[in-house]
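To start, the structure itself, in structure tokens.
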Amino acid sequence: MPIILLLQLSNQTGLLSLGDLLLQAATVLHEGVVQVVGSSSAFAAIKSDGSGIIWGDAAKGGDSSRVEHRLQEGVVQVVGSSSAFAAIKSDGSVFSLVSTACGGDISCFEHQLQEGVVQVVSNYLAFAAVKSDGSVITWGDAAKGGDSSRVEHRLQEGVVQVVGSSSAFAAIKSDGSIIIWGDAAHGGDISRVEHRLQEGVVQVVGSSSAFAAIKSDGSVITWGAPANGGDISRVEHRLRE
């Protein structure tokens, strides 16, 4: 796989060899790194000066040449899907790093992501951003959670947290209710337990294909693929409070 190191490297003598790039990359990453995240085949690092450094397979998020100028300062968080990265800047804006097929294309929503973003969450092929007004913006693979149009009216306000499975998202609202969207086979369908998720939810956690919600009374409710934690019938009597 090709490796592309997008760093602020000068090249006064012509083309740098891969060995030279790796050596200089090691120097740049030798200090000041405060966060490293990965996609399936690439990494992104944030340094204490707010700059971002990307390396790895160009097709899996390792090529940030299109937005390199935006990685020079002010980066506070980077989140990765399988083949793309999304970065939050200190001004509350979000921009994507490559791979339009796997969550890297935010062109349709970019105007909504210029300010006010407080959280970005990813699953395997999509992203969800929570804004300071409690609204949620999603992008990426439509079938895997990138399209939230079915529940968009419920995502306009009051969302306090979003979590993901591999192919779906769950949002907790300030009234303690849950909103789900994405692949039904991976936790995107709560019809079986929806009546129990209208209030009192304080936390949600996702596995690869299921979700578990903790309620204020100490009980737990699950949904999604039974083999991945969506079925708690065997231990339900121990999780009621």
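Ligands are numbered from 1 in the order shown, residues from 1 within each chain, and chains are lettered A, B, ... in the order they appear in the structure tokens.
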
> Counting only C-alpha atoms, what is within 9 Å of region 139-155 of chain A, bar same-chain residues fewer than 6 positions away, as a PyMOL selection string?
Replying inline: chain A and resi 100-106+108-109+123-129+164+166-169+171+173+179-183+186+188

>> Neighbouring residues of region 52-54 of chain A were defined as those with any atom within 10 Å, considering only C-alpha atoms; residues of the same chain fewer than 3 positions away were excluded. Please report them as number ranges by chain.
In response: A: 4-8, 25, 28-29, 33, 35-38, 42-49, 57-58, 61-65, 68, 70-78, 85, 87, 97

Residues within 12 Å of Ser216 (chain A), please, as a PDB file with all heavy atoms, in the first residue's frame. Count only C-alpha atoms; anything in the same chain fewer than 2 positions from it doesn't count.
ATOM      1  N   ASP A 175     -34.453  14.886  27.220  1.00  0.00           N
ATOM      2  CA  ASP A 175     -35.618  14.364  27.937  1.00  0.00           C
ATOM      3  C   ASP A 175     -35.471  12.886  28.282  1.00  0.00           C
ATOM      4  O   ASP A 175     -36.405  12.265  28.788  1.00  0.00           O
ATOM      5  CB  ASP A 175     -36.898  14.599  27.131  1.00  0.00           C
ATOM      6  CG  ASP A 175     -36.890  13.887  25.772  1.00  0.00           C
ATOM      7  OD1 ASP A 175     -35.931  13.135  25.485  1.00  0.00           O
ATOM      8  OD2 ASP A 175     -37.844  14.091  24.996  1.00  0.00           O
ATOM      9  N   GLY A 176     -34.291  12.303  27.986  1.00  0.00           N
ATOM     10  CA  GLY A 176     -34.038  10.910  28.319  1.00  0.00           C
ATOM     11  C   GLY A 176     -34.532   9.913  27.298  1.00  0.00           C
ATOM     12  O   GLY A 176     -34.495   8.701  27.544  1.00  0.00           O
ATOM     13  N   SER A 177     -34.979  10.388  26.146  1.00  0.00           N
ATOM     14  CA  SER A 177     -35.429   9.480  25.089  1.00  0.00           C
ATOM     15  C   SER A 177     -34.276   9.138  24.151  1.00  0.00           C
ATOM     16  O   SER A 177     -33.227   9.785  24.165  1.00  0.00           O
ATOM     17  CB  SER A 177     -36.574  10.105  24.293  1.00  0.00           C
ATOM     18  OG  SER A 177     -36.141  11.291  23.636  1.00  0.00           O
ATOM     19  N   ARG A 196     -39.924   1.421  25.731  1.00  0.00           N
ATOM     20  CA  ARG A 196     -39.142   1.504  26.964  1.00  0.00           C
ATOM     21  C   ARG A 196     -38.035   2.555  26.880  1.00  0.00           C
ATOM     22  O   ARG A 196     -37.303   2.765  27.853  1.00  0.00           O
ATOM     23  CB  ARG A 196     -38.530   0.139  27.278  1.00  0.00           C
ATOM     24  CG  ARG A 196     -39.557  -0.971  27.469  1.00  0.00           C
ATOM     25  CD  ARG A 196     -38.895  -2.295  27.781  1.00  0.00           C
ATOM     26  NE  ARG A 196     -38.139  -2.252  29.024  1.00  0.00           N
ATOM     27  CZ  ARG A 196     -37.323  -3.230  29.431  1.00  0.00           C
ATOM     28  NH1 ARG A 196     -37.148  -4.294  28.662  1.00  0.00           N
ATOM     29  NH2 ARG A 196     -36.668  -3.129  30.573  1.00  0.00           N
ATOM     30  N   LEU A 197     -37.924   3.193  25.731  1.00  0.00           N
ATOM     31  CA  LEU A 197     -36.838   4.152  25.518  1.00  0.00           C
ATOM     32  C   LEU A 197     -37.354   5.569  25.303  1.00  0.00           C
ATOM     33  O   LEU A 197     -36.678   6.401  24.715  1.00  0.00           O
ATOM     34  CB  LEU A 197     -35.997   3.716  24.317  1.00  0.00           C
ATOM     35  CG  LEU A 197     -35.257   2.384  24.474  1.00  0.00           C
ATOM     36  CD1 LEU A 197     -34.657   1.948  23.144  1.00  0.00           C
ATOM     37  CD2 LEU A 197     -34.163   2.492  25.537  1.00  0.00           C
ATOM     38  N   GLU A 199     -38.130   7.638  27.801  1.00  0.00           N
ATOM     39  CA  GLU A 199     -37.682   8.521  28.878  1.00  0.00           C
ATOM     40  C   GLU A 199     -36.727   7.764  29.791  1.00  0.00           C
ATOM     41  O   GLU A 199     -36.654   6.531  29.769  1.00  0.00           O
ATOM     42  CB  GLU A 199     -38.875   9.027  29.697  1.00  0.00           C
ATOM     43  CG  GLU A 199     -39.677   7.924  30.366  1.00  0.00           C
ATOM     44  CD  GLU A 199     -40.861   8.451  31.153  1.00  0.00           C
ATOM     45  OE1 GLU A 199     -41.079   9.673  31.140  1.00  0.00           O
ATOM     46  OE2 GLU A 199     -41.551   7.635  31.793  1.00  0.00           O
ATOM     47  N   GLY A 200     -35.972   8.521  30.568  1.00  0.00           N
ATOM     48  CA  GLY A 200     -35.149   7.931  31.614  1.00  0.00           C
ATOM     49  C   GLY A 200     -33.831   7.327  31.189  1.00  0.00           C
ATOM     50  O   GLY A 200     -33.118   6.749  32.016  1.00  0.00           O
ATOM     51  N   VAL A 201     -33.438   7.448  29.924  1.00  0.00           N
ATOM     52  CA  VAL A 201     -32.155   6.890  29.487  1.00  0.00           C
ATOM     53  C   VAL A 201     -31.033   7.859  29.859  1.00  0.00           C
ATOM     54  O   VAL A 201     -31.094   9.051  29.561  1.00  0.00           O
ATOM     55  CB  VAL A 201     -32.140   6.632  27.969  1.00  0.00           C
ATOM     56  CG1 VAL A 201     -30.760   6.140  27.531  1.00  0.00           C
ATOM     57  CG2 VAL A 201     -33.214   5.615  27.595  1.00  0.00           C
ATOM     58  N   VAL A 202     -29.994   7.331  30.502  1.00  0.00           N
ATOM     59  CA  VAL A 202     -28.877   8.178  30.932  1.00  0.00           C
ATOM     60  C   VAL A 202     -27.573   7.852  30.218  1.00  0.00           C
ATOM     61  O   VAL A 202     -26.640   8.657  30.213  1.00  0.00           O
ATOM     62  CB  VAL A 202     -28.665   8.079  32.460  1.00  0.00           C
ATOM     63  CG1 VAL A 202     -29.868   8.638  33.195  1.00  0.00           C
ATOM     64  CG2 VAL A 202     -28.396   6.636  32.888  1.00  0.00           C
ATOM     65  N   GLN A 203     -27.498   6.675  29.587  1.00  0.00           N
ATOM     66  CA  GLN A 203     -26.280   6.304  28.872  1.00  0.00           C
ATOM     67  C   GLN A 203     -26.597   5.242  27.831  1.00  0.00           C
ATOM     68  O   GLN A 203     -27.458   4.388  28.048  1.00  0.00           O
ATOM     69  CB  GLN A 203     -25.211   5.761  29.831  1.00  0.00           C
ATOM     70  CG  GLN A 203     -23.884   5.421  29.157  1.00  0.00           C
ATOM     71  CD  GLN A 203     -22.882   4.797  30.114  1.00  0.00           C
ATOM     72  OE1 GLN A 203     -23.224   4.461  31.242  1.00  0.00           O
ATOM     73  NE2 GLN A 203     -21.654   4.635  29.668  1.00  0.00           N
ATOM     74  N   VAL A 204     -25.898   5.304  26.691  1.00  0.00           N
ATOM     75  CA  VAL A 204     -26.006   4.273  25.656  1.00  0.00           C
ATOM     76  C   VAL A 204     -24.604   3.885  25.220  1.00  0.00           C
ATOM     77  O   VAL A 204     -23.727   4.738  25.062  1.00  0.00           O
ATOM     78  CB  VAL A 204     -26.808   4.760  24.434  1.00  0.00           C
ATOM     79  CG1 VAL A 204     -26.790   3.708  23.330  1.00  0.00           C
ATOM     80  CG2 VAL A 204     -28.242   5.062  24.820  1.00  0.00           C
ATOM     81  N   ALA A 213     -28.732   0.357  26.587  1.00  0.00           N
ATOM     82  CA  ALA A 213     -29.077   1.621  27.234  1.00  0.00           C
ATOM     83  C   ALA A 213     -29.280   1.402  28.725  1.00  0.00           C
ATOM     84  O   ALA A 213     -29.943   0.442  29.136  1.00  0.00           O
ATOM     85  CB  ALA A 213     -30.344   2.200  26.616  1.00  0.00           C
ATOM     86  N   ILE A 214     -28.704   2.295  29.521  1.00  0.00           N
ATOM     87  CA  ILE A 214     -28.922   2.284  30.964  1.00  0.00           C
ATOM     88  C   ILE A 214     -29.962   3.346  31.293  1.00  0.00           C
ATOM     89  O   ILE A 214     -29.863   4.487  30.837  1.00  0.00           O
ATOM     90  CB  ILE A 214     -27.628   2.589  31.736  1.00  0.00           C
ATOM     91  CG1 ILE A 214     -26.537   1.587  31.366  1.00  0.00           C
ATOM     92  CG2 ILE A 214     -27.888   2.554  33.245  1.00  0.00           C
ATOM     93  CD1 ILE A 214     -25.201   1.902  32.005  1.00  0.00           C
ATOM     94  N   GLY A 218     -31.695   2.190  36.881  1.00  0.00           N
ATOM     95  CA  GLY A 218     -30.654   1.175  36.962  1.00  0.00           C
ATOM     96  C   GLY A 218     -30.874  -0.041  36.093  1.00  0.00           C
ATOM     97  O   GLY A 218     -30.074  -0.979  36.127  1.00  0.00           O
ATOM     98  N   SER A 219     -31.927  -0.047  35.296  1.00  0.00           N
ATOM     99  CA  SER A 219     -32.187  -1.173  34.402  1.00  0.00           C
ATOM    100  C   SER A 219     -31.453  -0.991  33.080  1.00  0.00           C
ATOM    101  O   SER A 219     -30.999   0.108  32.750  1.00  0.00           O
ATOM    102  CB  SER A 219     -33.690  -1.315  34.141  1.00  0.00           C
ATOM    103  OG  SER A 219     -34.199  -0.151  33.507  1.00  0.00           O
ATOM    104  N   VAL A 220     -31.332  -2.077  32.318  1.00  0.00           N
ATOM    105  CA  VAL A 220     -30.644  -2.066  31.030  1.00  0.00           C
ATOM    106  C   VAL A 220     -31.574  -2.601  29.953  1.00  0.00           C
ATOM    107  O   VAL A 220     -32.267  -3.603  30.157  1.00  0.00           O
ATOM    108  CB  VAL A 220     -29.362  -2.924  31.077  1.00  0.00           C
ATOM    109  CG1 VAL A 220     -28.729  -3.031  29.686  1.00  0.00           C
ATOM    110  CG2 VAL A 220     -28.359  -2.328  32.054  1.00  0.00           C
ATOM    111  N   ILE A 221     -31.570  -1.935  28.801  1.00  0.00           N
ATOM    112  CA  ILE A 221     -32.364  -2.353  27.651  1.00  0.00           C
ATOM    113  C   ILE A 221     -31.426  -2.507  26.468  1.00  0.00           C
ATOM    114  O   ILE A 221     -30.569  -1.644  26.227  1.00  0.00           O
ATOM    115  CB  ILE A 221     -33.451  -1.311  27.323  1.00  0.00           C
ATOM    116  CG1 ILE A 221     -34.361  -1.110  28.537  1.00  0.00           C
ATOM    117  CG2 ILE A 221     -34.270  -1.739  26.107  1.00  0.00           C
ATOM    118  CD1 ILE A 221     -35.235   0.112  28.433  1.00  0.00           C
ATOM    119  N   ARG A 240     -32.430  -5.677  35.913  1.00  0.00           N
ATOM    120  CA  ARG A 240     -33.654  -4.891  36.035  1.00  0.00           C
ATOM    121  C   ARG A 240     -33.499  -3.680  36.926  1.00  0.00           C
ATOM    122  O   ARG A 240     -34.266  -2.739  36.856  1.00  0.00           O
ATOM    123  CB  ARG A 240     -34.781  -5.787  36.555  1.00  0.00           C
ATOM    124  CG  ARG A 240     -35.262  -6.773  35.494  1.00  0.00           C
ATOM    125  CD  ARG A 240     -36.300  -7.714  36.029  1.00  0.00           C
ATOM    126  NE  ARG A 240     -36.732  -8.654  34.998  1.00  0.00           N
ATOM    127  CZ  ARG A 240     -37.395  -9.771  35.241  1.00  0.00           C
ATOM    128  NH1 ARG A 240     -37.706 -10.095  36.493  1.00  0.00           N
ATOM    129  NH2 ARG A 240     -37.746 -10.566  34.255  1.00  0.00           N
ATOM    130  N   GLU A 241     -32.510  -3.696  37.795  1.00  0.00           N
ATOM    131  CA  GLU A 241     -32.291  -2.534  38.669  1.00  0.00           C
ATOM    132  C   GLU A 241     -30.942  -2.646  39.353  1.00  0.00           C
ATOM    133  O   GLU A 241     -30.313  -3.695  39.319  1.00  0.00           O
ATOM    134  CB  GLU A 241     -33.403  -2.431  39.710  1.00  0.00           C
ATOM    135  CG  GLU A 241     -33.516  -3.645  40.617  1.00  0.00           C
ATOM    136  CD  GLU A 241     -34.649  -3.508  41.603  1.00  0.00           C
ATOM    137  OE1 GLU A 241     -35.411  -2.525  41.480  1.00  0.00           O
ATOM    138  OE2 GLU A 241     -34.779  -4.359  42.483  1.00  0.00           O
TER     139      GLU A 241
END

> Could you write out, as an MDAnalysis selection string, all the residues of region 86-189 of chain A that DSSP marks as strand (DSSP E or B)?
Replying inline: chainID A and resid 86:89 94:97 117:122 126:131 136:140 159:164 168:173 178:182

> Counting only C-alpha atoms, what is within 9 Å of region 132-134 of chain A, bar same-chain residues fewer than 6 positions away, as a list in words?
Replying inline: Glu115, Gly116, Val117, Val118, Gln119, Leu155, Gln156, Glu157, Gly158, Val159, Val160, Gln161, Lys173 and Ser174 of chain A

Keeping N, CA, C and O atoms, export the residues of the selection given above as a PDB file, in the first residue's frame.
ATOM      1  N   GLU A 115     -19.561  26.106  12.200  1.00  0.00           N
ATOM      2  CA  GLU A 115     -19.427  26.568  13.575  1.00  0.00           C
ATOM      3  C   GLU A 115     -20.334  25.749  14.484  1.00  0.00           C
ATOM      4  O   GLU A 115     -21.258  25.071  14.030  1.00  0.00           O
ATOM      5  N   GLY A 116     -20.031  25.798  15.780  1.00  0.00           N
ATOM      6  CA  GLY A 116     -20.926  25.228  16.778  1.00  0.00           C
ATOM      7  C   GLY A 116     -20.863  23.735  16.985  1.00  0.00           C
ATOM      8  O   GLY A 116     -21.655  23.189  17.762  1.00  0.00           O
ATOM      9  N   VAL A 117     -19.938  23.028  16.347  1.00  0.00           N
ATOM     10  CA  VAL A 117     -19.854  21.577  16.539  1.00  0.00           C
ATOM     11  C   VAL A 117     -19.113  21.279  17.843  1.00  0.00           C
ATOM     12  O   VAL A 117     -18.021  21.791  18.081  1.00  0.00           O
ATOM     13  N   VAL A 118     -19.714  20.438  18.681  1.00  0.00           N
ATOM     14  CA  VAL A 118     -19.108  20.106  19.974  1.00  0.00           C
ATOM     15  C   VAL A 118     -18.710  18.635  20.077  1.00  0.00           C
ATOM     16  O   VAL A 118     -17.941  18.260  20.958  1.00  0.00           O
ATOM     17  N   GLN A 119     -19.232  17.793  19.179  1.00  0.00           N
ATOM     18  CA  GLN A 119     -18.889  16.370  19.209  1.00  0.00           C
ATOM     19  C   GLN A 119     -19.022  15.792  17.810  1.00  0.00           C
ATOM     20  O   GLN A 119     -19.951  16.131  17.077  1.00  0.00           O
ATOM     21  N   LEU A 155     -34.047  15.358  15.469  1.00  0.00           N
ATOM     22  CA  LEU A 155     -32.641  15.677  15.706  1.00  0.00           C
ATOM     23  C   LEU A 155     -32.354  17.168  15.562  1.00  0.00           C
ATOM     24  O   LEU A 155     -31.209  17.571  15.409  1.00  0.00           O
ATOM     25  N   GLN A 156     -33.387  17.973  15.622  1.00  0.00           N
ATOM     26  CA  GLN A 156     -33.216  19.414  15.458  1.00  0.00           C
ATOM     27  C   GLN A 156     -32.792  20.118  16.738  1.00  0.00           C
ATOM     28  O   GLN A 156     -32.227  21.218  16.702  1.00  0.00           O
ATOM     29  N   GLU A 157     -33.041  19.473  17.884  1.00  0.00           N
ATOM     30  CA  GLU A 157     -32.690  20.092  19.157  1.00  0.00           C
ATOM     31  C   GLU A 157     -32.686  19.041  20.257  1.00  0.00           C
ATOM     32  O   GLU A 157     -33.248  17.948  20.104  1.00  0.00           O
ATOM     33  N   GLY A 158     -32.023  19.374  21.356  1.00  0.00           N
ATOM     34  CA  GLY A 158     -32.095  18.548  22.550  1.00  0.00           C
ATOM     35  C   GLY A 158     -31.204  17.327  22.597  1.00  0.00           C
ATOM     36  O   GLY A 158     -31.244  16.577  23.574  1.00  0.00           O
ATOM     37  N   VAL A 159     -30.376  17.094  21.579  1.00  0.00           N
ATOM     38  CA  VAL A 159     -29.483  15.932  21.606  1.00  0.00           C
ATOM     39  C   VAL A 159     -28.262  16.255  22.464  1.00  0.00           C
ATOM     40  O   VAL A 159     -27.611  17.284  22.278  1.00  0.00           O
ATOM     41  N   VAL A 160     -27.946  15.364  23.388  1.00  0.00           N
ATOM     42  CA  VAL A 160     -26.811  15.594  24.284  1.00  0.00           C
ATOM     43  C   VAL A 160     -25.651  14.640  24.023  1.00  0.00           C
ATOM     44  O   VAL A 160     -24.516  14.909  24.425  1.00  0.00           O
ATOM     45  N   GLN A 161     -25.920  13.526  23.334  1.00  0.00           N
ATOM     46  CA  GLN A 161     -24.855  12.572  23.049  1.00  0.00           C
ATOM     47  C   GLN A 161     -25.256  11.679  21.886  1.00  0.00           C
ATOM     48  O   GLN A 161     -26.429  11.350  21.722  1.00  0.00           O
ATOM     49  N   LYS A 173     -31.456  12.202  23.987  1.00  0.00           N
ATOM     50  CA  LYS A 173     -31.960  13.568  24.075  1.00  0.00           C
ATOM     51  C   LYS A 173     -32.056  13.999  25.539  1.00  0.00           C
ATOM     52  O   LYS A 173     -32.019  13.177  26.458  1.00  0.00           O
ATOM     53  N   SER A 174     -32.185  15.288  25.734  1.00  0.00           N
ATOM     54  CA  SER A 174     -32.203  15.839  27.087  1.00  0.00           C
ATOM     55  C   SER A 174     -33.407  15.379  27.893  1.00  0.00           C
ATOM     56  O   SER A 174     -33.393  15.445  29.126  1.00  0.00           O
TER      57      SER A 174
END

> Hey, what does DSSP flag as helix (DSSP H, G or I) within region 60-183 of chain A? Can you give it to me as a list of chain:residue names?
Replying inline: A:Lys60, A:Ser65, A:Arg66, A:Val67, A:Glu68, A:His69, A:Arg70, A:Leu71, A:Thr100, A:Ala101, A:Cys102, A:Glu110, A:His111, A:Gln112, A:Leu113, A:Ala142, A:Ala143, A:Lys144, A:Ser149, A:Arg150, A:Val151, A:Glu152, A:His153, A:Arg154

Write a file of the selected residues as an mmCIF file, in the first residue's frame, keeping N, CA, C and O atoms.
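New file result04.cif:
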data_model
loop_
_atom_site.group_PDB
_atom_site.id
_atom_site.type_symbol
_atom_site.label_atom_id
_atom_site.label_comp_id
_atom_site.auth_asym_id
_atom_site.auth_seq_id
_atom_site.Cartn_x
_atom_site.Cartn_y
_atom_site.Cartn_z
ATOM 1 N N LYS A 60 -7.318 5.238 2.355
ATOM 2 C CA LYS A 60 -7.973 4.968 3.632
ATOM 3 C C LYS A 60 -7.833 6.129 4.613
ATOM 4 O O LYS A 60 -7.908 5.946 5.815
ATOM 5 N N SER A 65 -3.893 16.142 1.400
ATOM 6 C CA SER A 65 -3.359 17.256 0.612
ATOM 7 C C SER A 65 -4.426 18.285 0.272
ATOM 8 O O SER A 65 -4.137 19.480 0.188
ATOM 9 N N ARG A 66 -5.666 17.844 0.100
ATOM 10 C CA ARG A 66 -6.740 18.767 -0.269
ATOM 11 C C ARG A 66 -7.046 19.767 0.840
ATOM 12 O O ARG A 66 -7.502 20.885 0.575
ATOM 13 N N VAL A 67 -6.815 19.381 2.087
ATOM 14 C CA VAL A 67 -7.158 20.252 3.219
ATOM 15 C C VAL A 67 -5.956 20.517 4.115
ATOM 16 O O VAL A 67 -6.113 20.940 5.261
ATOM 17 N N GLU A 68 -4.767 20.304 3.592
ATOM 18 C CA GLU A 68 -3.566 20.448 4.417
ATOM 19 C C GLU A 68 -3.451 21.835 5.039
ATOM 20 O O GLU A 68 -2.986 21.982 6.173
ATOM 21 N N HIS A 69 -3.902 22.858 4.315
ATOM 22 C CA HIS A 69 -3.816 24.222 4.841
ATOM 23 C C HIS A 69 -4.676 24.403 6.087
ATOM 24 O O HIS A 69 -4.416 25.288 6.906
ATOM 25 N N ARG A 70 -5.692 23.548 6.254
ATOM 26 C CA ARG A 70 -6.566 23.648 7.423
ATOM 27 C C ARG A 70 -6.045 22.839 8.605
ATOM 28 O O ARG A 70 -6.635 22.863 9.684
ATOM 29 N N LEU A 71 -4.959 22.125 8.402
ATOM 30 C CA LEU A 71 -4.375 21.299 9.458
ATOM 31 C C LEU A 71 -3.197 21.976 10.150
ATOM 32 O O LEU A 71 -2.517 21.355 10.954
ATOM 33 N N THR A 100 -14.243 10.062 -0.173
ATOM 34 C CA THR A 100 -15.633 10.477 -0.275
ATOM 35 C C THR A 100 -16.598 9.316 -0.133
ATOM 36 O O THR A 100 -17.739 9.491 0.270
ATOM 37 N N ALA A 101 -16.157 8.101 -0.433
ATOM 38 C CA ALA A 101 -17.048 6.941 -0.371
ATOM 39 C C ALA A 101 -17.278 6.448 1.046
ATOM 40 O O ALA A 101 -18.214 5.714 1.306
ATOM 41 N N CYS A 102 -16.440 6.846 1.976
ATOM 42 C CA CYS A 102 -16.515 6.290 3.328
ATOM 43 C C CYS A 102 -16.647 7.376 4.389
ATOM 44 O O CYS A 102 -16.069 7.285 5.465
ATOM 45 N N GLU A 110 -21.582 21.092 4.405
ATOM 46 C CA GLU A 110 -20.460 21.893 4.889
ATOM 47 C C GLU A 110 -20.902 23.221 5.476
ATOM 48 O O GLU A 110 -20.332 23.700 6.458
ATOM 49 N N HIS A 111 -21.938 23.824 4.897
ATOM 50 C CA HIS A 111 -22.404 25.113 5.406
ATOM 51 C C HIS A 111 -22.970 24.994 6.815
ATOM 52 O O HIS A 111 -22.991 25.967 7.569
ATOM 53 N N GLN A 112 -23.421 23.791 7.193
ATOM 54 C CA GLN A 112 -23.954 23.571 8.536
ATOM 55 C C GLN A 112 -22.865 23.199 9.537
ATOM 56 O O GLN A 112 -23.136 23.101 10.736
ATOM 57 N N LEU A 113 -21.667 22.997 9.041
ATOM 58 C CA LEU A 113 -20.569 22.551 9.896
ATOM 59 C C LEU A 113 -19.475 23.601 10.017
ATOM 60 O O LEU A 113 -18.334 23.287 10.332
ATOM 61 N N ALA A 142 -25.210 6.326 3.323
ATOM 62 C CA ALA A 142 -26.597 6.562 3.732
ATOM 63 C C ALA A 142 -27.181 5.393 4.507
ATOM 64 O O ALA A 142 -27.887 5.580 5.508
ATOM 65 N N ALA A 143 -26.898 4.171 4.056
ATOM 66 C CA ALA A 143 -27.483 2.987 4.685
ATOM 67 C C ALA A 143 -26.860 2.664 6.031
ATOM 68 O O ALA A 143 -27.421 1.890 6.810
ATOM 69 N N LYS A 144 -25.705 3.254 6.321
ATOM 70 C CA LYS A 144 -24.983 2.947 7.554
ATOM 71 C C LYS A 144 -25.060 4.072 8.584
ATOM 72 O O LYS A 144 -24.274 4.110 9.525
ATOM 73 N N SER A 149 -32.452 11.316 7.545
ATOM 74 C CA SER A 149 -33.662 12.042 7.143
ATOM 75 C C SER A 149 -34.929 11.455 7.760
ATOM 76 O O SER A 149 -35.886 12.188 8.035
ATOM 77 N N ARG A 150 -34.946 10.153 8.005
ATOM 78 C CA ARG A 150 -36.132 9.515 8.577
ATOM 79 C C ARG A 150 -36.444 10.044 9.971
ATOM 80 O O ARG A 150 -37.612 10.094 10.381
ATOM 81 N N VAL A 151 -35.419 10.452 10.705
ATOM 82 C CA VAL A 151 -35.618 10.940 12.076
ATOM 83 C C VAL A 151 -35.140 12.380 12.233
ATOM 84 O O VAL A 151 -34.991 12.872 13.352
ATOM 85 N N GLU A 152 -34.923 13.053 11.111
ATOM 86 C CA GLU A 152 -34.338 14.397 11.152
ATOM 87 C C GLU A 152 -35.138 15.363 12.010
ATOM 88 O O GLU A 152 -34.575 16.218 12.704
ATOM 89 N N HIS A 153 -36.464 15.248 11.981
ATOM 90 C CA HIS A 153 -37.300 16.164 12.753
ATOM 91 C C HIS A 153 -37.055 16.028 14.251
ATOM 92 O O HIS A 153 -37.292 16.970 15.011
ATOM 93 N N ARG A 154 -36.548 14.871 14.672
ATOM 94 C CA ARG A 154 -36.277 14.656 16.093
ATOM 95 C C ARG A 154 -34.836 15.005 16.465
ATOM 96 O O ARG A 154 -34.464 14.940 17.637
#

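Close contacts of Gly230 (chain A), defined as residues with an atom at most 9 Å away when counting only C-alpha atoms, with chain neighbours fewer than 2 positions off set aside, comprise Gly187, Ser209, Ala210, Phe211, Ala212, Ile221, Thr222, Trp223, Gly224, Ala225, Pro226, Ala227, Asn228 and Ile232 of chain A.
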
Got time to write the residues from that selection, C-alpha atoms, as a JSON list (two decimals), in the first residue's frame?
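Saved as selection-v9.json:
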[["chain", "number", "residue", "atom", "x", "y", "z"],
["A", 187, "GLY", "CA", -28.90, -1.72, 15.92],
["A", 209, "SER", "CA", -24.08, -4.63, 15.85],
["A", 210, "ALA", "CA", -26.11, -3.78, 18.96],
["A", 211, "PHE", "CA", -26.74, -1.15, 21.62],
["A", 212, "ALA", "CA", -27.33, -1.20, 25.37],
["A", 221, "ILE", "CA", -32.36, -2.35, 27.65],
["A", 222, "THR", "CA", -30.70, -3.82, 24.57],
["A", 223, "TRP", "CA", -31.50, -4.06, 20.87],
["A", 224, "GLY", "CA", -29.75, -5.09, 17.68],
["A", 225, "ALA", "CA", -28.12, -8.35, 16.60],
["A", 226, "PRO", "CA", -28.79, -10.97, 19.31],
["A", 227, "ALA", "CA", -25.38, -12.57, 18.86],
["A", 228, "ASN", "CA", -23.64, -9.23, 19.44],
["A", 232, "ILE", "CA", -30.22, -10.06, 27.17]]

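Atom pair CA of Ala84 (chain A) / CA of Ala59 (chain A): separated by 8.5 Å.
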
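Interatomic distance, CA of Val94 (chain A) to CA of Val120 (chain A): 8.6 Å.
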
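Minimum atom-to-atom distances from A:Ile178, A:Val136, A:Val205, A:Val121 to Gly80 (chain A) were compared using only C-alpha atoms, and the lowest value belongs to A:Val121.
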
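For the atom pair formed by CA of Phe95 (chain A) and CA of Ser107 (chain A), the distance is 9.5 Å, given to one decimal.
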